[in-house]
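One file, entry.pdb, is given below (PDB, C-alpha atoms and all ligand atoms).
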```
ATOM      1  CA  MET F   1      61.471 183.645   3.713
ATOM      2  CA  THR F   2      58.949 180.844   3.530
ATOM      3  CA  ARG F   3      55.502 181.678   2.349
ATOM      4  CA  ALA F   4      52.611 181.765   4.834
ATOM      5  CA  HIS F   5      50.923 178.367   4.726
ATOM      6  CA  THR F   6      49.050 175.828   6.797
ATOM      7  CA  TYR F   7      47.693 172.300   6.570
ATOM      8  CA  ILE F   8      43.955 171.689   6.823
ATOM      9  CA  ASP F   9      42.987 167.973   6.876
ATOM     10  CA  SER F  10      46.631 167.393   5.866
ATOM     11  CA  GLU F  11      46.113 169.401   2.649
ATOM     12  CA  LEU F  12      48.526 172.270   1.992
ATOM     13  CA  HIS F  13      46.841 175.688   2.046
ATOM     14  CA  LEU F  14      48.602 178.890   0.955
ATOM     15  CA  LEU F  15      47.866 182.486   1.773
ATOM     16  CA  CYS F  16      46.445 184.378  -1.228
ATOM     17  CA  SER F  17      48.059 187.810  -1.539
ATOM     18  CA  ALA F  18      44.818 189.277  -2.932
ATOM     19  CA  CYS F  19      41.943 187.931  -0.826
ATOM     20  CA  ARG F  20      44.228 187.231   2.189
ATOM     21  CA  LYS F  21      42.594 183.828   2.745
ATOM     22  CA  MET F  22      44.114 180.412   3.211
ATOM     23  CA  VAL F  23      43.306 178.620  -0.051
ATOM     24  CA  PRO F  24      44.014 174.952  -1.001
ATOM     25  CA  HIS F  25      47.223 174.794  -3.060
ATOM     26  CA  THR F  26      45.343 173.174  -5.987
ATOM     27  CA  ARG F  27      43.450 176.460  -6.346
ATOM     28  CA  PHE F  28      46.663 178.261  -7.415
ATOM     29  CA  ASN F  29      48.284 178.270 -10.846
ATOM     30  CA  ASN F  30      51.868 177.081 -11.074
ATOM     31  CA  ASN F  31      54.753 179.547 -10.883
ATOM     32  CA  ALA F  32      58.222 178.136 -10.240
ATOM     33  CA  LYS F  33      59.535 181.496  -9.022
ATOM     34  CA  ARG F  34      57.106 181.672  -6.077
ATOM     35  CA  GLY F  35      57.029 179.801  -2.810
ATOM     36  CA  PHE F  36      55.741 176.182  -3.095
ATOM     37  CA  GLY F  37      55.849 176.674  -6.885
ATOM     38  CA  LYS F  38      52.515 178.506  -6.866
ATOM     39  CA  GLN F  39      51.398 181.975  -7.816
ATOM     40  CA  SER F  40      50.825 184.487  -5.046
ATOM     41  CA  ARG F  41      47.154 185.022  -6.003
ATOM     42  CA  CYS F  42      44.601 182.192  -5.989
ATOM     43  CA  LYS F  43      42.889 181.252  -9.283
ATOM     44  CA  ASP F  44      39.663 183.050  -8.373
ATOM     45  CA  CYS F  45      41.493 186.282  -7.579
ATOM     46  CA  HIS F  46      43.633 185.849 -10.675
ATOM     47  CA  MET F  47      40.554 185.520 -12.875
ATOM     48  CA  LYS F  48      38.856 188.457 -11.192
ATOM     49  CA  LEU F  49      41.864 190.669 -11.683
ATOM     50  CA  ARG F  50      42.199 189.620 -15.301
ATOM     51  CA  LYS F  51      38.584 190.438 -16.029
ATOM     52  CA  GLU F  52      38.974 193.842 -14.391
ATOM     53  CA  ASN F  53      42.119 194.512 -16.365
ATOM     54  CA  ASP F  54      40.460 193.398 -19.585
ATOM     55  CA  LYS F  55      37.577 195.729 -18.904
ATOM     56  CA  LYS F  56      39.933 198.622 -18.173
ATOM     57  CA  TYR F  57      41.948 197.816 -21.286
ATOM     58  CA  TYR F  58      38.816 197.712 -23.413
ATOM     59  CA  LYS F  59      37.568 201.001 -21.998
ATOM     60  CA  ARG F  60      40.900 202.705 -22.623
ATOM     61  CA  ASN F  61      41.233 201.321 -26.171
ATOM     62  CA  LYS F  62      37.630 201.211 -27.339
ATOM     63  CA  GLU F  63      38.192 203.114 -30.600
ATOM     64  CA  LYS F  64      41.392 201.296 -31.416
ATOM     65  CA  ILE F  65      39.747 197.891 -30.893
ATOM     66  CA  ALA F  66      36.661 198.861 -32.914
ATOM     67  CA  ALA F  67      38.872 200.017 -35.774
ATOM     68  CA  ARG F  68      40.857 196.769 -35.603
ATOM     69  CA  VAL F  69      37.677 194.657 -35.653
ATOM     70  CA  LYS F  70      36.310 196.679 -38.563
ATOM     71  CA  LYS F  71      39.519 196.294 -40.530
ATOM     72  CA  TYR F  72      39.620 192.566 -39.805
ATOM     73  CA  ARG F  73      36.033 192.183 -41.010
ATOM     74  CA  GLU F  74      36.766 194.085 -44.188
ATOM     75  CA  ASN F  75      39.871 192.029 -44.926
ATOM     76  CA  ASN F  76      38.182 188.690 -44.226
ATOM     77  CA  GLN F  77      34.664 189.104 -45.588
ATOM     78  CA  GLU F  78      34.609 185.848 -47.532
ATOM     79  CA  ALA F  79      36.162 183.786 -44.732
ATOM     80  CA  ILE F  80      33.724 185.235 -42.177
ATOM     81  CA  LYS F  81      30.751 184.536 -44.465
ATOM     82  CA  ALA F  82      31.942 180.952 -44.946
ATOM     83  CA  ALA F  83      32.444 180.482 -41.209
ATOM     84  CA  ILE F  84      28.954 181.807 -40.437
ATOM     85  CA  LYS F  85      27.456 179.553 -43.107
ATOM     86  CA  ALA F  86      29.334 176.524 -41.747
ATOM     87  CA  TYR F  87      28.201 177.338 -38.209
ATOM     88  CA  GLN F  88      24.589 177.685 -39.353
ATOM     89  CA  ILE F  89      24.659 174.361 -41.188
ATOM     90  CA  LYS F  90      26.253 172.587 -38.242
ATOM     91  CA  ASN F  91      23.784 174.064 -35.747
ATOM     92  CA  ARG F  92      20.682 174.270 -37.938
ATOM     93  CA  ASP F  93      18.375 172.373 -35.588
ATOM     94  CA  ARG F  94      19.520 174.277 -32.513
ATOM     95  CA  ILE F  95      19.176 177.636 -34.314
ATOM     96  CA  ASN F  96      15.707 176.792 -35.655
ATOM     97  CA  GLU F  97      14.603 175.640 -32.207
ATOM     98  CA  ARG F  98      15.874 178.879 -30.655
ATOM     99  CA  LYS F  99      14.119 180.955 -33.333
ATOM    100  CA  ARG F 100      10.876 179.063 -32.782
ATOM    101  CA  ALA F 101      11.097 179.538 -29.020
ATOM    102  CA  HIS F 102      11.817 183.251 -29.450
ATOM    103  CA  ARG F 103       8.913 183.602 -31.849
ATOM    104  CA  ASN F 104       6.530 181.803 -29.495
ATOM    105  CA  ALA F 105       7.655 183.997 -26.588
ATOM    106  CA  ASN F 106       7.028 187.165 -28.668
ATOM    107  CA  LEU F 107       4.163 185.997 -30.859
ATOM    108  CA  GLU F 108       2.210 189.266 -31.018
ATOM    109  CA  GLU F 109       5.261 191.291 -31.927
ATOM    110  CA  TYR F 110       6.218 188.764 -34.606
ATOM    111  CA  LYS F 111       2.736 188.706 -36.103
ATOM    112  CA  LYS F 112       2.746 192.495 -36.362
ATOM    113  CA  LYS F 113       6.167 192.493 -38.001
ATOM    114  CA  GLU F 114       5.201 189.752 -40.453
ATOM    115  CA  ALA F 115       1.979 191.525 -41.411
ATOM    116  CA  ALA F 116       3.903 194.755 -41.994
ATOM    117  CA  TRP F 117       6.438 192.879 -44.111
ATOM    118  CA  ARG F 118       3.709 191.274 -46.186
ATOM    119  CA  ALA F 119       1.926 194.621 -46.625
ATOM    120  CA  GLY F 120       5.188 196.200 -47.728
ATOM    121  CA  ARG F 121       5.807 193.365 -50.199
ATOM    122  CA  LYS F 122       2.281 193.706 -51.552
ATOM    123  CA  ASP F 123       2.874 197.323 -52.510
ATOM    124  CA  ILE F 124       6.226 196.484 -54.044
ATOM    125  CA  ILE F 125       4.754 193.666 -56.136
ATOM    126  CA  LYS F 126       1.768 195.805 -57.150
ATOM    127  CA  GLU F 127       4.080 198.594 -58.271
ATOM    128  CA  LYS F 128       6.303 196.141 -60.149
ATOM    129  CA  ASN F 129       3.310 194.676 -61.988
ATOM    130  CA  ARG F 130       1.989 198.134 -62.802
ATOM    131  CA  LEU F 131       5.339 199.190 -64.236
ATOM    132  CA  TRP F 132       5.543 196.003 -66.280
ATOM    133  CA  ARG F 133       2.058 196.514 -67.696
ATOM    134  CA  GLU F 134       2.881 200.122 -68.509
ATOM    135  CA  THR F 135       5.967 199.170 -70.507
ATOM    136  CA  HIS F 136       4.342 196.153 -72.204
ATOM    137  CA  GLN F 137       0.990 197.598 -73.269
ATOM    138  CA  ASP F 138       1.270 196.503 -76.900
ATOM    139  CA  GLU F 139       2.240 192.946 -76.019
ATOM    140  CA  ILE F 140      -0.621 192.702 -73.562
ATOM    141  CA  LYS F 141      -3.148 193.972 -76.108
ATOM    142  CA  LYS F 142      -1.821 191.545 -78.694
ATOM    143  CA  ALA F 143      -1.866 188.604 -76.277
ATOM    144  CA  ARG F 144      -5.383 189.463 -75.143
ATOM    145  CA  LYS F 145      -6.618 189.666 -78.716
ATOM    146  CA  GLN F 146      -4.903 186.432 -79.624
ATOM    147  CA  TRP F 147      -6.338 184.707 -76.581
ATOM    148  CA  TYR F 148      -9.791 185.942 -77.534
ATOM    149  CA  GLU F 149      -9.415 184.761 -81.139
ATOM    150  CA  THR F 150      -8.270 181.274 -80.159
ATOM    151  CA  ASN F 151     -10.877 180.921 -77.427
ATOM    152  CA  LYS F 152     -13.766 182.779 -79.047
ATOM    153  CA  GLU F 153     -15.923 179.769 -79.852
ATOM    154  CA  ARG F 154     -15.329 178.088 -76.531
ATOM    155  CA  HIS F 155     -15.826 181.338 -74.660
ATOM    156  CA  LEU F 156     -19.115 182.192 -76.400
ATOM    157  CA  LYS F 157     -20.406 178.678 -75.947
ATOM    158  CA  ASN F 158     -19.530 178.691 -72.266
ATOM    159  CA  HIS F 159     -21.161 182.056 -71.897
ATOM    160  CA  ARG F 160     -24.380 180.911 -73.551
ATOM    161  CA  VAL F 161     -24.488 177.817 -71.338
ATOM    162  CA  TRP F 162     -23.799 179.914 -68.301
ATOM    163  CA  LEU F 163     -26.593 182.358 -69.185
ATOM    164  CA  THR F 164     -29.169 179.555 -69.519
ATOM    165  CA  GLU F 165     -28.056 178.277 -66.131
ATOM    166  CA  ASN F 166     -28.288 181.750 -64.588
ATOM    167  CA  PRO F 167     -31.510 183.222 -66.061
ATOM    168  CA  ASP F 168     -31.663 185.958 -63.420
ATOM    169  CA  TYR F 169     -28.304 187.318 -64.430
ATOM    170  CA  GLN F 170     -29.381 189.057 -67.619
ATOM    171  CA  ARG F 171     -32.340 190.669 -65.938
ATOM    172  CA  ASN F 172     -30.256 191.785 -62.950
ATOM    173  CA  TYR F 173     -27.503 193.009 -65.226
ATOM    174  CA  TYR F 174     -30.005 195.121 -67.096
ATOM    175  CA  TYR F 175     -31.409 196.705 -63.932
ATOM    176  CA  LYS F 176     -27.983 197.313 -62.525
ATOM    177  CA  ASN F 177     -26.701 198.934 -65.728
ATOM    178  CA  LYS F 178     -29.901 200.431 -67.032
ATOM    179  CA  LYS F 179     -28.520 203.956 -67.338
ATOM    180  CA  ARG F 180     -25.371 202.887 -69.076
ATOM    181  CA  ILE F 181     -27.240 200.584 -71.465
ATOM    182  CA  LYS F 182     -29.713 203.301 -72.378
ATOM    183  CA  VAL F 183     -26.918 205.786 -73.036
ATOM    184  CA  ASN F 184     -25.189 203.261 -75.264
ATOM    185  CA  GLN F 185     -28.407 202.445 -77.101
ATOM    186  CA  LYS F 186     -29.076 206.114 -77.698
ATOM    187  CA  ARG F 187     -25.554 206.666 -78.908
ATOM    188  CA  TYR F 188     -25.879 203.729 -81.267
ATOM    189  CA  LEU F 189     -29.236 204.930 -82.620
ATOM    190  CA  ASP F 190     -27.895 208.460 -83.075
ATOM    191  CA  LYS F 191     -24.995 207.067 -84.991
ATOM    192  CA  LEU F 192     -27.319 205.055 -87.238
ATOM    193  CA  LYS F 193     -29.493 208.121 -87.826
ATOM    194  CA  LYS F 194     -26.503 210.212 -88.775
ATOM    195  CA  GLU F 195     -25.292 207.567 -91.166
ATOM    196  CA  ASN F 196     -28.728 207.399 -92.807
ATOM    197  CA  GLN F 197     -28.792 211.161 -93.159
ATOM    198  CA  ASN F 198     -25.364 211.081 -94.769
ATOM    199  CA  ASP F 199     -26.474 208.355 -97.140
ATOM    200  CA  SER F 200     -29.606 210.180 -98.324
TER
HETATM  201 ZN    ZN F 301      42.390 184.845  -3.452
END
```
Would you mind writing the file out in structure tokens?
Amino acid sequence: MTRAHTYIDSELHLLCSACRKMVPHTRFNNNAKRGFGKQSRCKDCHMKLRKENDKKYYKRNKEKIAARVKKYRENNQEAIKAAIKAYQIKNRDRINERKRAHRNANLEEYKKKEAAWRAGRKDIIKEKNRLWRETHQDEIKKARKQWYETNKERHLKNHRVWLTENPDYQRNYYYKNKKRIKVNQKRYLDKLKKENQNDS
């Protein structure tokens, strides 16, 4: 039985068994067993059917496929990492451009995220520094003392120069810390008194 066909503008057209349309013969895949050496379904219908079947297959075997992918990833970690790295190097400009475009399209969201990240880092760094200081108290004291000893002359000289250049400072400092200074003076005088009493 010959297959249903026709010629349009002298080009052979075959009936597609799926969409039931006359389709140019070049739009069929080859199959020697079928009439005119072409498959019964046109390429479009073939593709459509394949996609549907793939979808059905995936739905039916979701867990199995996920497990297979997971196992493959676990067995090929290094190779996958290397492939990703190679891809990133090869496509660096394109990837950066895409990132930039995405960032510009979502600027507010990005700014919020970046600020949150920075704030989070700040706390982490603060805590790290605090822990370090806590466990290195003696070293810090020693270093501070040493720094003071080696820089004493320079430091005092600088301070004296600075005070002559900022005559208001001493006066302001006194007003600002009047209470504290008086308490210290009193404490110092009391101490002197006590020492005198002990001496006599
Ligand atoms: Zn078709």
As a quick test: using only C-alpha atoms and all ligand atoms, which residues lie no more than 12 Å away from ligand ZN 301 (chain F)? Give them as a count of residues only.
27
Return as JSON the centre and edge lengths, in Å with one decimal, of the box along x, y and z that encloses every atom of region 188-194 of chain F in the file, padded by 5 Å per side.
```
{"center_x": -27.2, "center_y": 207.0, "center_z": -85.0, "size_x": 14.5, "size_y": 16.5, "size_z": 17.5}
```
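In this structure, CA of Ala143 (chain F) sits 18.4 Å away from CA of Leu156 (chain F).
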Provide the CA of Arg133 (chain F) to CA of Ala119 (chain F) distance in Å, to one decimal place.
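CA of Arg133 (chain F) sits 21.2 Å away from CA of Ala119 (chain F).
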Please, what distance in Å, to one decimal, runs between CA of Asn158 (chain F) and CA of Gln170 (chain F)?
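A separation of 15.0 Å between them.
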Would you mind completing region 90-104 of chain F so that it carries N, CA and C atoms, and writing it out as a PDB file, in the coordinates of the input?
```pdb
ATOM      1  N   LYS F  90      25.938 173.518 -39.316  1.00  0.00           N
ATOM      2  CA  LYS F  90      26.253 172.587 -38.242  1.00  0.00           C
ATOM      3  C   LYS F  90      25.216 172.661 -37.125  1.00  0.00           C
ATOM      4  N   ASN F  91      24.667 173.863 -36.901  1.00  0.00           N
ATOM      5  CA  ASN F  91      23.784 174.064 -35.747  1.00  0.00           C
ATOM      6  C   ASN F  91      22.348 174.366 -36.170  1.00  0.00           C
ATOM      7  N   ARG F  92      21.978 173.899 -37.371  1.00  0.00           N
ATOM      8  CA  ARG F  92      20.682 174.270 -37.938  1.00  0.00           C
ATOM      9  C   ARG F  92      19.525 173.987 -36.988  1.00  0.00           C
ATOM     10  N   ASP F  93      19.496 172.760 -36.454  1.00  0.00           N
ATOM     11  CA  ASP F  93      18.375 172.373 -35.588  1.00  0.00           C
ATOM     12  C   ASP F  93      18.307 173.257 -34.349  1.00  0.00           C
ATOM     13  N   ARG F  94      19.474 173.474 -33.736  1.00  0.00           N
ATOM     14  CA  ARG F  94      19.520 174.277 -32.513  1.00  0.00           C
ATOM     15  C   ARG F  94      19.061 175.709 -32.806  1.00  0.00           C
ATOM     16  N   ILE F  95      19.522 176.260 -33.939  1.00  0.00           N
ATOM     17  CA  ILE F  95      19.176 177.636 -34.314  1.00  0.00           C
ATOM     18  C   ILE F  95      17.677 177.737 -34.585  1.00  0.00           C
ATOM     19  N   ASN F  96      17.140 176.767 -35.343  1.00  0.00           N
ATOM     20  CA  ASN F  96      15.707 176.792 -35.655  1.00  0.00           C
ATOM     21  C   ASN F  96      14.875 176.691 -34.381  1.00  0.00           C
ATOM     22  N   GLU F  97      15.334 175.833 -33.471  1.00  0.00           N
ATOM     23  CA  GLU F  97      14.603 175.640 -32.207  1.00  0.00           C
ATOM     24  C   GLU F  97      14.602 176.952 -31.422  1.00  0.00           C
ATOM     25  N   ARG F  98      15.750 177.625 -31.392  1.00  0.00           N
ATOM     26  CA  ARG F  98      15.874 178.879 -30.655  1.00  0.00           C
ATOM     27  C   ARG F  98      14.974 179.948 -31.282  1.00  0.00           C
ATOM     28  N   LYS F  99      14.967 179.987 -32.628  1.00  0.00           N
ATOM     29  CA  LYS F  99      14.119 180.955 -33.333  1.00  0.00           C
ATOM     30  C   LYS F  99      12.646 180.714 -33.006  1.00  0.00           C
ATOM     31  N   ARG F 100      12.267 179.421 -33.056  1.00  0.00           N
ATOM     32  CA  ARG F 100      10.876 179.063 -32.782  1.00  0.00           C
ATOM     33  C   ARG F 100      10.480 179.491 -31.373  1.00  0.00           C
ATOM     34  N   ALA F 101      11.374 179.195 -30.412  1.00  0.00           N
ATOM     35  CA  ALA F 101      11.097 179.538 -29.020  1.00  0.00           C
ATOM     36  C   ALA F 101      10.961 181.053 -28.870  1.00  0.00           C
ATOM     37  N   HIS F 102      11.856 181.796 -29.533  1.00  0.00           N
ATOM     38  CA  HIS F 102      11.817 183.251 -29.450  1.00  0.00           C
ATOM     39  C   HIS F 102      10.530 183.790 -30.064  1.00  0.00           C
ATOM     40  N   ARG F 103      10.139 183.177 -31.182  1.00  0.00           N
ATOM     41  CA  ARG F 103       8.913 183.602 -31.849  1.00  0.00           C
ATOM     42  C   ARG F 103       7.703 183.344 -30.961  1.00  0.00           C
ATOM     43  N   ASN F 104       7.666 182.144 -30.356  1.00  0.00           N
ATOM     44  CA  ASN F 104       6.530 181.803 -29.495  1.00  0.00           C
ATOM     45  C   ASN F 104       6.459 182.707 -28.271  1.00  0.00           C
TER      46      ASN F 104
END
```
